[in-house]
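*Asks:* For reference, the structure I am asking about is given below.
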Amino acid sequence: MTIPPAPLRLSLDGDALVANWRALDAMSGSAACGAAVKADGYGLGARDVVRRLSRAGCRDFFVATWAEAATLGDIAPASLSVLHGVRAEDMDLALAGPARPVLASAEQVRRWREAGGGVCDVMVDTGMNRLGISVEDAASGLLDGLTIDTLMSHLACADEDVSMNARQRDALAGLRGRTAARRMSLANSAGIALGGDYHFDLTRPGIALYGGVQCAAHAVHIRQVVFPQAQILQRRHVKAGETVGYNATWTAPADTQVAILNIGYADGYLRCFSGKGGAHSGDRKLPVLGRVSMDLLAVGVDAAAELAEGDWIGLDYALPETAMLTGLSQYELLTGLGQRFDRVWM
Ligand SMILES: *Cc1c(COP(=O)(O)O)cnc(C)c1O
């Protein structure tokens, strides 16, 4: 028997995704604009994101691990890079497929060269102290003999106006012509807005593709892509003075119509939304009442008297505003969304 549709879904705006990529591509000037699709496309579903952006003209995609690369195998994007490089146990898969490791340590460089691995990318650490070989190693022969597509680095503070950005940019620029790399790349979403000297040959936005706004320059261009919606499982009349939910944190000040929705913290709608999250039906606002449960949520529906069991309600989930409201980052708001949603492209 077929499994019925889930009582919760992510409504995904494919036009907005493509429009966001086009806007970031335009902001990237003459540099190519790729797409970070790690963590299953930030929770949207990497396969669908890659298909849609490939059709729009995007060629360069980035995942974190070889398992993520394998899930895209049959889609065969034009260019796929694995950001965490290549461990000994990844080598068989890495040598077999078209995806490139982004070699991230001297050990990985040695491993890849000794295996005769073919085209790779290389991550250089320019100050973040996360992944990457040192600038000195990159400039002094460690990479000799490798066939390098893209030499890249990653900005630690791209969403802030701090001098570290220019230091990182200059450190990478100093490697121009000193390696055999065909291309160079630095900017993530926020880095694109720092200006042309941060674009190099290829930009690598992630969060902004999916509706994240990290800087004022993006606010006018970037559209919301992800719209969580949940079905009403029950409607009830709560009398004045009664309470709703765990620990009875919300007391009805007057008789109140309440809808119980099929979504909770196990779906990534975390407890920090308790008492302050919002939902909507059309343009009518519906407040979250009391604590978020593991799989359930109560909202007040006095403003929407016609709503009944089985109807769908949208959760307020514009990323910048929701991050401000909850203290979660825009990245966490997307990547935390769980596996129980049906992901439906509109
Ligand atoms: C995740 C990631 C990106 C994309 O970053 P956003 O801030 O989501 O735009 C780019 N480059 C690297 C190396 C990454 O890990």
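Following the order of the structure tokens, chains are lettered A, B, ..., residues in each are numbered from 1, and ligands are numbered from 1.
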What residues in region 170-286 of chain A get the DSSP label alpha helix (DSSP H)? Please answer as a PDB file with N, CA and C atoms, in the first residue's frame.

*Replies:*
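The new file out26.pdb reads:
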```
ATOM      1  N   ASP A 170      43.716  39.086   0.591  1.00  0.00           N
ATOM      2  CA  ASP A 170      45.075  39.357   0.124  1.00  0.00           C
ATOM      3  C   ASP A 170      45.950  38.108   0.219  1.00  0.00           C
ATOM      4  N   ALA A 171      45.725  37.303   1.252  1.00  0.00           N
ATOM      5  CA  ALA A 171      46.522  36.076   1.394  1.00  0.00           C
ATOM      6  C   ALA A 171      46.239  35.127   0.234  1.00  0.00           C
ATOM      7  N   LEU A 172      44.966  35.014  -0.154  1.00  0.00           N
ATOM      8  CA  LEU A 172      44.658  34.144  -1.292  1.00  0.00           C
ATOM      9  C   LEU A 172      45.179  34.752  -2.591  1.00  0.00           C
ATOM     10  N   ALA A 173      44.977  36.052  -2.757  1.00  0.00           N
ATOM     11  CA  ALA A 173      45.432  36.714  -3.990  1.00  0.00           C
ATOM     12  C   ALA A 173      46.938  36.553  -4.165  1.00  0.00           C
ATOM     13  N   SER A 189      28.130  33.214   0.438  1.00  0.00           N
ATOM     14  CA  SER A 189      27.026  34.150   0.161  1.00  0.00           C
ATOM     15  C   SER A 189      27.383  35.577   0.538  1.00  0.00           C
ATOM     16  N   ALA A 190      27.737  35.770   1.805  1.00  0.00           N
ATOM     17  CA  ALA A 190      28.005  37.129   2.282  1.00  0.00           C
ATOM     18  C   ALA A 190      29.253  37.694   1.622  1.00  0.00           C
ATOM     19  N   GLY A 191      30.224  36.833   1.319  1.00  0.00           N
ATOM     20  CA  GLY A 191      31.461  37.287   0.686  1.00  0.00           C
ATOM     21  C   GLY A 191      31.227  37.917  -0.674  1.00  0.00           C
ATOM     22  N   ILE A 192      30.183  37.473  -1.370  1.00  0.00           N
ATOM     23  CA  ILE A 192      29.878  38.023  -2.695  1.00  0.00           C
ATOM     24  C   ILE A 192      29.612  39.527  -2.592  1.00  0.00           C
ATOM     25  N   ALA A 216      23.007  43.527   4.200  1.00  0.00           N
ATOM     26  CA  ALA A 216      22.003  44.458   3.658  1.00  0.00           C
ATOM     27  C   ALA A 216      21.948  44.381   2.134  1.00  0.00           C
ATOM     28  N   ALA A 217      23.108  44.169   1.506  1.00  0.00           N
ATOM     29  CA  ALA A 217      23.141  44.165   0.042  1.00  0.00           C
ATOM     30  C   ALA A 217      22.296  43.043  -0.552  1.00  0.00           C
ATOM     31  N   HIS A 218      22.060  42.001   0.221  1.00  0.00           N
ATOM     32  CA  HIS A 218      21.260  40.886  -0.301  1.00  0.00           C
ATOM     33  C   HIS A 218      19.770  41.069  -0.033  1.00  0.00           C
ATOM     34  N   ALA A 219      19.439  41.932   0.937  1.00  0.00           N
ATOM     35  CA  ALA A 219      18.060  41.973   1.427  1.00  0.00           C
ATOM     36  C   ALA A 219      17.056  42.241   0.315  1.00  0.00           C
TER      37      ALA A 219
END
```

*Asks:* Counting only C-alpha atoms and all ligand atoms, what are the residues of chain A within 9 Å of ligand 1, and for each of them which pair of atoms is the nearest and at what distance in Å, to one decimal? Sort the table by chain and rising number, as a Markdown table.

*Replies:*
```
| residue | atom | partner | partner_atom_place_in_ligand_line | distance |
| --- | --- | --- | --- | --- |
| A:Ala35 | CA | ligand 1 | 4 (C) | 7.5 |
| A:Ala36 | CA | ligand 1 | 4 (C) | 5.2 |
| A:Val37 | CA | ligand 1 | 1 (C) | 8.0 |
| A:Lys38 | CA | ligand 1 | 1 (C) | 7.0 |
| A:Tyr42 | CA | ligand 1 | 8 (O) | 8.3 |
| A:Phe62 | CA | ligand 1 | 11 (N) | 7.7 |
| A:Val63 | CA | ligand 1 | 15 (O) | 8.2 |
| A:Ala64 | CA | ligand 1 | 15 (O) | 7.3 |
| A:Leu83 | CA | ligand 1 | 13 (C) | 6.2 |
| A:His84 | CA | ligand 1 | 15 (O) | 8.6 |
| A:Met123 | CA | ligand 1 | 13 (C) | 8.0 |
| A:Leu131 | CA | ligand 1 | 13 (C) | 8.6 |
| A:Met152 | CA | ligand 1 | 13 (C) | 7.9 |
| A:Ser153 | CA | ligand 1 | 13 (C) | 7.0 |
| A:His154 | CA | ligand 1 | 13 (C) | 5.4 |
| A:Leu155 | CA | ligand 1 | 11 (N) | 8.2 |
| A:Ala158 | CA | ligand 1 | 7 (O) | 8.1 |
| A:Asp159 | CA | ligand 1 | 7 (O) | 8.6 |
| A:Ser185 | CA | ligand 1 | 11 (N) | 8.9 |
| A:Leu186 | CA | ligand 1 | 11 (N) | 7.5 |
| A:Ala187 | CA | ligand 1 | 10 (C) | 6.9 |
| A:Asn188 | CA | ligand 1 | 9 (O) | 4.0 |
| A:Ser189 | CA | ligand 1 | 9 (O) | 3.6 |
| A:Ala190 | CA | ligand 1 | 9 (O) | 6.3 |
| A:Gly191 | CA | ligand 1 | 9 (O) | 7.8 |
| A:Ile192 | CA | ligand 1 | 9 (O) | 8.8 |
| A:Thr203 | CA | ligand 1 | 10 (C) | 8.0 |
| A:Arg204 | CA | ligand 1 | 10 (C) | 4.8 |
| A:Pro205 | CA | ligand 1 | 9 (O) | 3.8 |
| A:Gly206 | CA | ligand 1 | 8 (O) | 3.5 |
| A:Ile207 | CA | ligand 1 | 8 (O) | 3.7 |
| A:Ala208 | CA | ligand 1 | 9 (O) | 6.1 |
| A:Leu209 | CA | ligand 1 | 9 (O) | 7.9 |
| A:Tyr210 | CA | ligand 1 | 8 (O) | 8.8 |
| A:Gly212 | CA | ligand 1 | 8 (O) | 8.2 |
| A:Gln214 | CA | ligand 1 | 7 (O) | 8.1 |
| A:Tyr331 | CA | ligand 1 | 8 (O) | 7.3 |
```

*Asks:* For N, CA and C atoms, I'd like the residues from the last selection saved as a short mmCIF file (atom, residue, chain, number, x, y, z; two decimals), in the first residue's frame.

*Replies:*
```cif
data_model
loop_
_atom_site.label_atom_id
_atom_site.label_comp_id
_atom_site.auth_asym_id
_atom_site.auth_seq_id
_atom_site.Cartn_x
_atom_site.Cartn_y
_atom_site.Cartn_z
N ALA A 35 27.18 26.61 -6.20
CA ALA A 35 26.15 26.41 -5.17
C ALA A 35 26.63 25.39 -4.16
N ALA A 36 26.60 25.77 -2.88
CA ALA A 36 26.87 24.82 -1.80
C ALA A 36 25.58 24.05 -1.52
N VAL A 37 25.65 22.73 -1.68
CA VAL A 37 24.47 21.87 -1.48
C VAL A 37 24.73 20.81 -0.41
N LYS A 38 25.70 21.08 0.46
CA LYS A 38 25.98 20.16 1.57
C LYS A 38 24.76 20.09 2.49
N TYR A 42 21.10 22.12 2.38
CA TYR A 42 20.67 22.89 3.55
C TYR A 42 19.28 22.46 4.01
N PHE A 62 29.00 22.00 -4.41
CA PHE A 62 29.86 21.64 -3.29
C PHE A 62 29.08 20.87 -2.24
N VAL A 63 29.60 19.69 -1.89
CA VAL A 63 29.04 18.90 -0.79
C VAL A 63 30.12 18.75 0.27
N ALA A 64 29.77 18.21 1.43
CA ALA A 64 30.76 18.06 2.51
C ALA A 64 31.46 16.71 2.42
N LEU A 83 34.02 19.03 -0.01
CA LEU A 83 34.74 20.03 0.77
C LEU A 83 35.62 19.44 1.87
N HIS A 84 35.27 18.27 2.40
CA HIS A 84 36.05 17.74 3.51
C HIS A 84 37.24 16.90 3.06
N MET A 123 42.00 23.38 -0.63
CA MET A 123 41.60 24.41 0.32
C MET A 123 42.85 24.97 0.99
N LEU A 131 39.62 24.07 7.97
CA LEU A 131 40.28 23.15 7.05
C LEU A 131 41.23 23.92 6.12
N MET A 152 40.99 27.20 -3.33
CA MET A 152 39.99 28.02 -2.63
C MET A 152 40.38 28.28 -1.18
N SER A 153 39.74 29.30 -0.63
CA SER A 153 39.83 29.55 0.80
C SER A 153 38.45 29.96 1.28
N HIS A 154 38.28 30.12 2.58
CA HIS A 154 36.95 30.39 3.13
C HIS A 154 37.04 31.53 4.14
N LEU A 155 36.10 32.47 4.02
CA LEU A 155 36.09 33.66 4.88
C LEU A 155 35.48 33.35 6.24
N ALA A 158 32.64 36.88 6.80
CA ALA A 158 32.14 37.56 5.60
C ALA A 158 30.91 38.41 5.88
N ASP A 159 30.16 38.08 6.92
CA ASP A 159 28.95 38.84 7.24
C ASP A 159 29.23 40.02 8.17
N SER A 185 38.93 30.69 -5.76
CA SER A 185 37.59 30.93 -5.22
C SER A 185 37.67 31.28 -3.74
N LEU A 186 36.89 32.26 -3.32
CA LEU A 186 36.91 32.67 -1.91
C LEU A 186 35.51 32.88 -1.31
N ALA A 187 34.62 33.53 -2.07
CA ALA A 187 33.41 34.09 -1.45
C ALA A 187 32.29 33.08 -1.26
N ASN A 188 31.73 33.05 -0.05
CA ASN A 188 30.44 32.41 0.21
C ASN A 188 29.35 33.46 -0.04
N SER A 189 28.13 33.21 0.44
CA SER A 189 27.03 34.15 0.16
C SER A 189 27.38 35.58 0.54
N ALA A 190 27.74 35.77 1.81
CA ALA A 190 28.00 37.13 2.28
C ALA A 190 29.25 37.69 1.62
N GLY A 191 30.22 36.83 1.32
CA GLY A 191 31.46 37.29 0.69
C GLY A 191 31.23 37.92 -0.67
N ILE A 192 30.18 37.47 -1.37
CA ILE A 192 29.88 38.02 -2.69
C ILE A 192 29.61 39.53 -2.59
N THR A 203 32.38 31.90 -7.25
CA THR A 203 31.82 32.13 -5.92
C THR A 203 31.03 30.89 -5.48
N ARG A 204 30.84 30.76 -4.15
CA ARG A 204 30.24 29.53 -3.60
C ARG A 204 29.13 29.84 -2.61
N PRO A 205 28.04 30.47 -3.06
CA PRO A 205 26.96 30.76 -2.10
C PRO A 205 26.24 29.50 -1.66
N GLY A 206 25.75 29.54 -0.44
CA GLY A 206 24.88 28.48 0.08
C GLY A 206 23.61 29.12 0.62
N ILE A 207 23.70 29.66 1.82
CA ILE A 207 22.52 30.11 2.56
C ILE A 207 21.65 31.09 1.76
N ALA A 208 22.26 31.98 0.99
CA ALA A 208 21.46 32.99 0.28
C ALA A 208 20.61 32.35 -0.83
N LEU A 209 21.09 31.24 -1.39
CA LEU A 209 20.27 30.54 -2.39
C LEU A 209 18.94 30.14 -1.80
N TYR A 210 18.98 29.80 -0.50
CA TYR A 210 17.82 29.19 0.15
C TYR A 210 17.01 30.21 0.96
N GLY A 212 18.42 32.85 2.88
CA GLY A 212 19.12 33.48 3.99
C GLY A 212 19.62 34.86 3.59
N GLN A 214 22.29 37.54 4.82
CA GLN A 214 23.42 37.74 5.72
C GLN A 214 23.90 39.18 5.72
N TYR A 331 21.16 29.37 9.31
CA TYR A 331 21.64 28.05 8.89
C TYR A 331 20.96 26.94 9.69
#
```

*Asks:* Which residues are near Thr71 (chain A)? Cut-off 9 Å, only C-alpha atoms, ignore same chain within fewer than 5 positions. Put them as JSON, numbers by chain.

*Replies:* {"A": [46, 47, 66]}

*Asks:* For the selection you just gave me, I'd like the residues written to a file as a PDB file, in the first residue's frame, keeping N, CA and C atoms.

*Replies:*
```
ATOM      1  N   ALA A  46      19.141  17.921  -1.710  1.00  0.00           N
ATOM      2  CA  ALA A  46      20.223  18.302  -2.618  1.00  0.00           C
ATOM      3  C   ALA A  46      19.926  17.895  -4.055  1.00  0.00           C
ATOM      4  N   ARG A  47      19.292  16.755  -4.236  1.00  0.00           N
ATOM      5  CA  ARG A  47      19.050  16.283  -5.606  1.00  0.00           C
ATOM      6  C   ARG A  47      18.172  17.276  -6.372  1.00  0.00           C
ATOM      7  N   TRP A  66      31.728  12.312   0.945  1.00  0.00           N
ATOM      8  CA  TRP A  66      31.579  11.414  -0.210  1.00  0.00           C
ATOM      9  C   TRP A  66      30.224  10.737  -0.214  1.00  0.00           C
TER      10      TRP A  66
END
```

*Asks:* Could you give me, as a ChimeraX atom specification, the residues within 8 Å of Ala23 (chain A), counting only C-alpha atoms and dropping anything in the same chain fewer than 4 positions from it?

*Replies:* /A:19,27,221-222

*Asks:* Compile the contact shell of Arg235 (chain A) as a short mmCIF file (atom, residue, chain, number, x, y, z; two decimals) with all heavy atoms, in the first residue's frame: residues with an atom at most 8 Å away, counting only C-alpha atoms, same-chain residues fewer than 3 positions apart removed.

*Replies:*
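Saved result, selection_29.cif, follows:
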```cif
data_model
loop_
_atom_site.label_atom_id
_atom_site.label_comp_id
_atom_site.auth_asym_id
_atom_site.auth_seq_id
_atom_site.Cartn_x
_atom_site.Cartn_y
_atom_site.Cartn_z
N ILE A 232 -3.80 20.58 10.53
CA ILE A 232 -4.54 20.62 11.79
C ILE A 232 -5.03 19.20 12.10
O ILE A 232 -5.74 18.59 11.30
CB ILE A 232 -5.74 21.58 11.71
CG1 ILE A 232 -5.25 23.01 11.44
CG2 ILE A 232 -6.57 21.51 12.99
CD1 ILE A 232 -6.38 24.02 11.25
N GLN A 257 -10.25 29.71 20.60
CA GLN A 257 -10.24 28.61 19.64
C GLN A 257 -8.79 28.21 19.38
O GLN A 257 -7.95 29.07 19.06
CB GLN A 257 -10.90 29.03 18.32
CG GLN A 257 -12.37 29.38 18.46
CD GLN A 257 -13.20 28.17 18.89
OE1 GLN A 257 -12.90 27.04 18.49
NE2 GLN A 257 -14.21 28.42 19.71
N VAL A 258 -8.49 26.92 19.52
CA VAL A 258 -7.11 26.44 19.39
C VAL A 258 -7.06 25.34 18.35
O VAL A 258 -7.94 24.47 18.31
CB VAL A 258 -6.59 25.92 20.75
CG1 VAL A 258 -5.21 25.29 20.61
CG2 VAL A 258 -6.56 27.06 21.78
N ALA A 259 -6.02 25.37 17.49
CA ALA A 259 -5.77 24.27 16.55
C ALA A 259 -4.48 23.57 16.96
O ALA A 259 -3.49 24.24 17.30
CB ALA A 259 -5.65 24.80 15.12
N ILE A 260 -4.50 22.23 16.94
CA ILE A 260 -3.31 21.44 17.25
C ILE A 260 -2.71 20.98 15.92
O ILE A 260 -3.37 20.29 15.13
CB ILE A 260 -3.67 20.23 18.12
CG1 ILE A 260 -4.46 20.66 19.36
CG2 ILE A 260 -2.40 19.45 18.50
CD1 ILE A 260 -3.75 21.64 20.26
N ALA A 308 -10.54 24.00 9.96
CA ALA A 308 -11.05 22.75 10.52
C ALA A 308 -9.96 21.68 10.47
O ALA A 308 -8.92 21.86 9.84
CB ALA A 308 -12.27 22.29 9.71
N GLU A 309 -10.21 20.57 11.13
CA GLU A 309 -9.32 19.41 11.04
C GLU A 309 -8.99 19.11 9.57
O GLU A 309 -9.89 19.07 8.74
CB GLU A 309 -10.02 18.18 11.62
CG GLU A 309 -9.65 17.88 13.05
CD GLU A 309 -10.35 16.62 13.56
OE1 GLU A 309 -10.28 15.56 12.89
OE2 GLU A 309 -10.98 16.73 14.62
#
```

*Asks:* Can you pull out the residues contacting Arg22 (chain A)? Cut-off 10 Å, using only C-alpha atoms, and skip same-chain residues under 5 positions away; I want them as a PyMOL selection string.

*Replies:* chain A and resi 16-17+27-28+33+53+56-58+209+221

*Asks:* Selection from above, C-alpha atoms, as a compact mmCIF listing (two decimals), in the first residue's frame, can you write it?

*Replies:*
```txt
# COMPACT_ATOMS: atom_id res chain seq x y z
CA ALA A 16 12.68 31.82 -5.81
CA LEU A 17 15.60 29.36 -5.62
CA MET A 27 26.42 40.04 -8.13
CA SER A 28 29.41 37.78 -8.78
CA CYS A 33 28.58 31.33 -9.42
CA LEU A 53 20.12 25.04 -10.52
CA ALA A 56 19.35 27.45 -14.70
CA GLY A 57 23.02 27.27 -15.74
CA CYS A 58 24.87 26.61 -12.49
CA LEU A 209 20.27 30.54 -2.39
CA HIS A 221 17.29 40.47 -3.95
```

*Asks:* Go through region 142-167 of chain A and flag each residue having an atom no more than 10 Å from region 96-109 of chain A; for those, report the closest pair of atoms plus their distance in Å to one decimal, using only C-alpha atoms, ordered by chain and rising number, as JSON lines.

*Replies:*
```
{"residue": "A:Leu142", "atom": "CA", "partner": "A:Ala106", "partner_atom": "CA", "distance": 7.5}
{"residue": "A:Leu143", "atom": "CA", "partner": "A:Val109", "partner_atom": "CA", "distance": 7.2}
{"residue": "A:Asp144", "atom": "CA", "partner": "A:Val109", "partner_atom": "CA", "distance": 9.9}
{"residue": "A:Leu146", "atom": "CA", "partner": "A:Val109", "partner_atom": "CA", "distance": 8.4}
{"residue": "A:Ile148", "atom": "CA", "partner": "A:Val102", "partner_atom": "CA", "distance": 9.5}
{"residue": "A:Asp149", "atom": "CA", "partner": "A:Arg100", "partner_atom": "CA", "distance": 8.8}
{"residue": "A:Thr150", "atom": "CA", "partner": "A:Val102", "partner_atom": "CA", "distance": 8.4}
{"residue": "A:Leu151", "atom": "CA", "partner": "A:Val102", "partner_atom": "CA", "distance": 8.5}
{"residue": "A:Met152", "atom": "CA", "partner": "A:Val102", "partner_atom": "CA", "distance": 8.5}
```

*Asks:* Keeping only N, CA, C and O atoms, take the residues you just selected and write them out as a compact mmCIF listing (two decimals), in the first residue's frame.

*Replies:*
```txt
# COMPACT_ATOMS: atom_id res chain seq x y z
N LEU A 142 54.35 22.24 -2.05
CA LEU A 142 53.58 21.09 -1.57
C LEU A 142 52.63 20.56 -2.66
O LEU A 142 52.36 19.36 -2.73
N LEU A 143 52.16 21.46 -3.51
CA LEU A 143 51.13 21.07 -4.49
C LEU A 143 51.73 20.67 -5.84
O LEU A 143 50.99 20.33 -6.77
N ASP A 144 53.06 20.68 -5.94
CA ASP A 144 53.68 20.36 -7.23
C ASP A 144 53.23 19.00 -7.72
O ASP A 144 53.16 18.04 -6.96
N LEU A 146 50.31 18.13 -8.79
CA LEU A 146 48.85 17.92 -8.76
C LEU A 146 48.20 18.65 -9.93
O LEU A 146 48.67 19.69 -10.37
N ILE A 148 45.21 20.74 -10.46
CA ILE A 148 44.26 21.45 -9.58
C ILE A 148 43.26 22.23 -10.41
O ILE A 148 43.65 23.06 -11.23
N ASP A 149 41.99 21.95 -10.19
CA ASP A 149 40.96 22.78 -10.81
C ASP A 149 40.86 24.09 -10.03
O ASP A 149 41.21 25.15 -10.53
N THR A 150 40.41 24.03 -8.77
CA THR A 150 40.15 25.26 -8.03
C THR A 150 40.95 25.31 -6.73
O THR A 150 40.91 24.37 -5.94
N LEU A 151 41.67 26.39 -6.54
CA LEU A 151 42.34 26.69 -5.28
C LEU A 151 41.43 27.63 -4.51
O LEU A 151 41.06 28.69 -5.02
N MET A 152 40.99 27.20 -3.33
CA MET A 152 39.99 28.02 -2.63
C MET A 152 40.38 28.28 -1.18
O MET A 152 41.23 27.60 -0.61
```

*Asks:* Could you tell me how far CA of Thr335 (chain A) lies from CA of Leu261 (chain A), in Å and to one decimal?

*Replies:*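 Answer for the CA of Thr335 (chain A) to CA of Leu261 (chain A) separation: 21.1 Å.
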
*Asks:* Would you please work out which residue, of A:Trp345, A:Phe61, A:Tyr317, A:Trp312, is nearest to Gln229 (chain A) when using only C-alpha atoms?

*Replies:*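 Checking each candidate against Gln229 (chain A), we get A:Trp312 as the closest.
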
*Asks:* For CA of Asp40 (chain A) and CA of Met294 (chain A), quote the distance in Å rounded to one decimal.

*Replies:*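 Going from CA of Asp40 (chain A) over to CA of Met294 (chain A) covers 22.8 Å.
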
*Asks:* Which residue is closest to Glu332 (chain A)? Choose from A:Val226, A:Gly43, A:Lys239, A:Gly277 and count only C-alpha atoms.

*Replies:*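 Going through A:Val226, A:Gly43, A:Lys239, A:Gly277 one by one, the smallest distance to Glu332 (chain A) is for A:Gly43.
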
*Asks:* Taking the DSSP assignment computed from this structure's backbone, write out as a CSV table (one decimal) with C-alpha atoms, in the first residue's frame all residues of region 47-255 of chain A that belong to strand (DSSP E).

*Replies:*
```csv
chain,number,residue,atom,x,y,z
A,60,ASP,CA,29.8,24.1,-9.8
A,61,PHE,CA,28.4,22.3,-6.7
A,62,PHE,CA,29.9,21.6,-3.3
A,63,VAL,CA,29.0,18.9,-0.8
A,79,SER,CA,31.3,19.9,-11.5
A,80,LEU,CA,31.1,18.5,-8.0
A,81,SER,CA,33.6,19.1,-5.1
A,82,VAL,CA,33.8,17.4,-1.8
A,100,ARG,CA,36.8,16.1,-6.9
A,101,PRO,CA,38.2,16.2,-3.4
A,102,VAL,CA,39.0,19.6,-2.0
A,103,LEU,CA,42.3,18.5,-0.5
A,120,CYS,CA,41.4,17.9,-7.5
A,121,ASP,CA,40.7,21.1,-5.7
A,122,VAL,CA,42.7,22.5,-2.8
A,123,MET,CA,41.6,24.4,0.3
A,124,VAL,CA,44.1,27.0,1.7
A,125,ASP,CA,43.7,28.3,5.2
A,133,ILE,CA,46.8,23.7,4.0
A,134,SER,CA,48.9,26.8,4.9
A,148,ILE,CA,44.3,21.4,-9.6
A,149,ASP,CA,41.0,22.8,-10.8
A,150,THR,CA,40.1,25.3,-8.0
A,151,LEU,CA,42.3,26.7,-5.3
A,152,MET,CA,40.0,28.0,-2.6
A,183,ARG,CA,40.7,28.8,-10.9
A,184,MET,CA,40.6,30.5,-7.5
A,185,SER,CA,37.6,30.9,-5.2
A,202,LEU,CA,34.2,31.3,-8.8
A,203,THR,CA,31.8,32.1,-5.9
A,226,VAL,CA,11.3,27.4,2.3
A,227,PHE,CA,7.7,27.5,3.7
A,228,PRO,CA,6.9,25.0,6.5
A,229,GLN,CA,3.3,24.0,6.7
A,230,ALA,CA,1.5,21.6,9.1
A,231,GLN,CA,-1.9,20.1,9.1
A,232,ILE,CA,-4.5,20.6,11.8
A,233,LEU,CA,-5.1,17.3,13.7
A,234,GLN,CA,-7.7,18.7,16.1
A,235,ARG,CA,-9.6,21.9,16.8
A,236,ARG,CA,-10.7,22.7,20.3
A,237,HIS,CA,-12.4,25.3,22.4
A,238,VAL,CA,-10.3,26.3,25.4
A,243,THR,CA,-4.1,26.0,30.1
A,244,VAL,CA,-2.5,24.5,27.0
A,250,TRP,CA,-0.2,29.3,28.6
A,251,THR,CA,-3.4,30.2,30.3
```

*Asks:* May I ask for the distance between CA of Gly264 (chain A) and CA of Ala304 (chain A), given in Å to one decimal place?

*Replies:*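 Straight-line distance from CA of Gly264 (chain A) to CA of Ala304 (chain A) works out to 21.5 Å.
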
*Asks:* Which residues are close to Tyr246 (chain A), i.e. within 8 Å by only C-alpha atoms, leaving aside same-chain residues fewer than 5 positions away? Reply as a PyMOL selection string.

*Replies:* chain A and resi 290-291+293
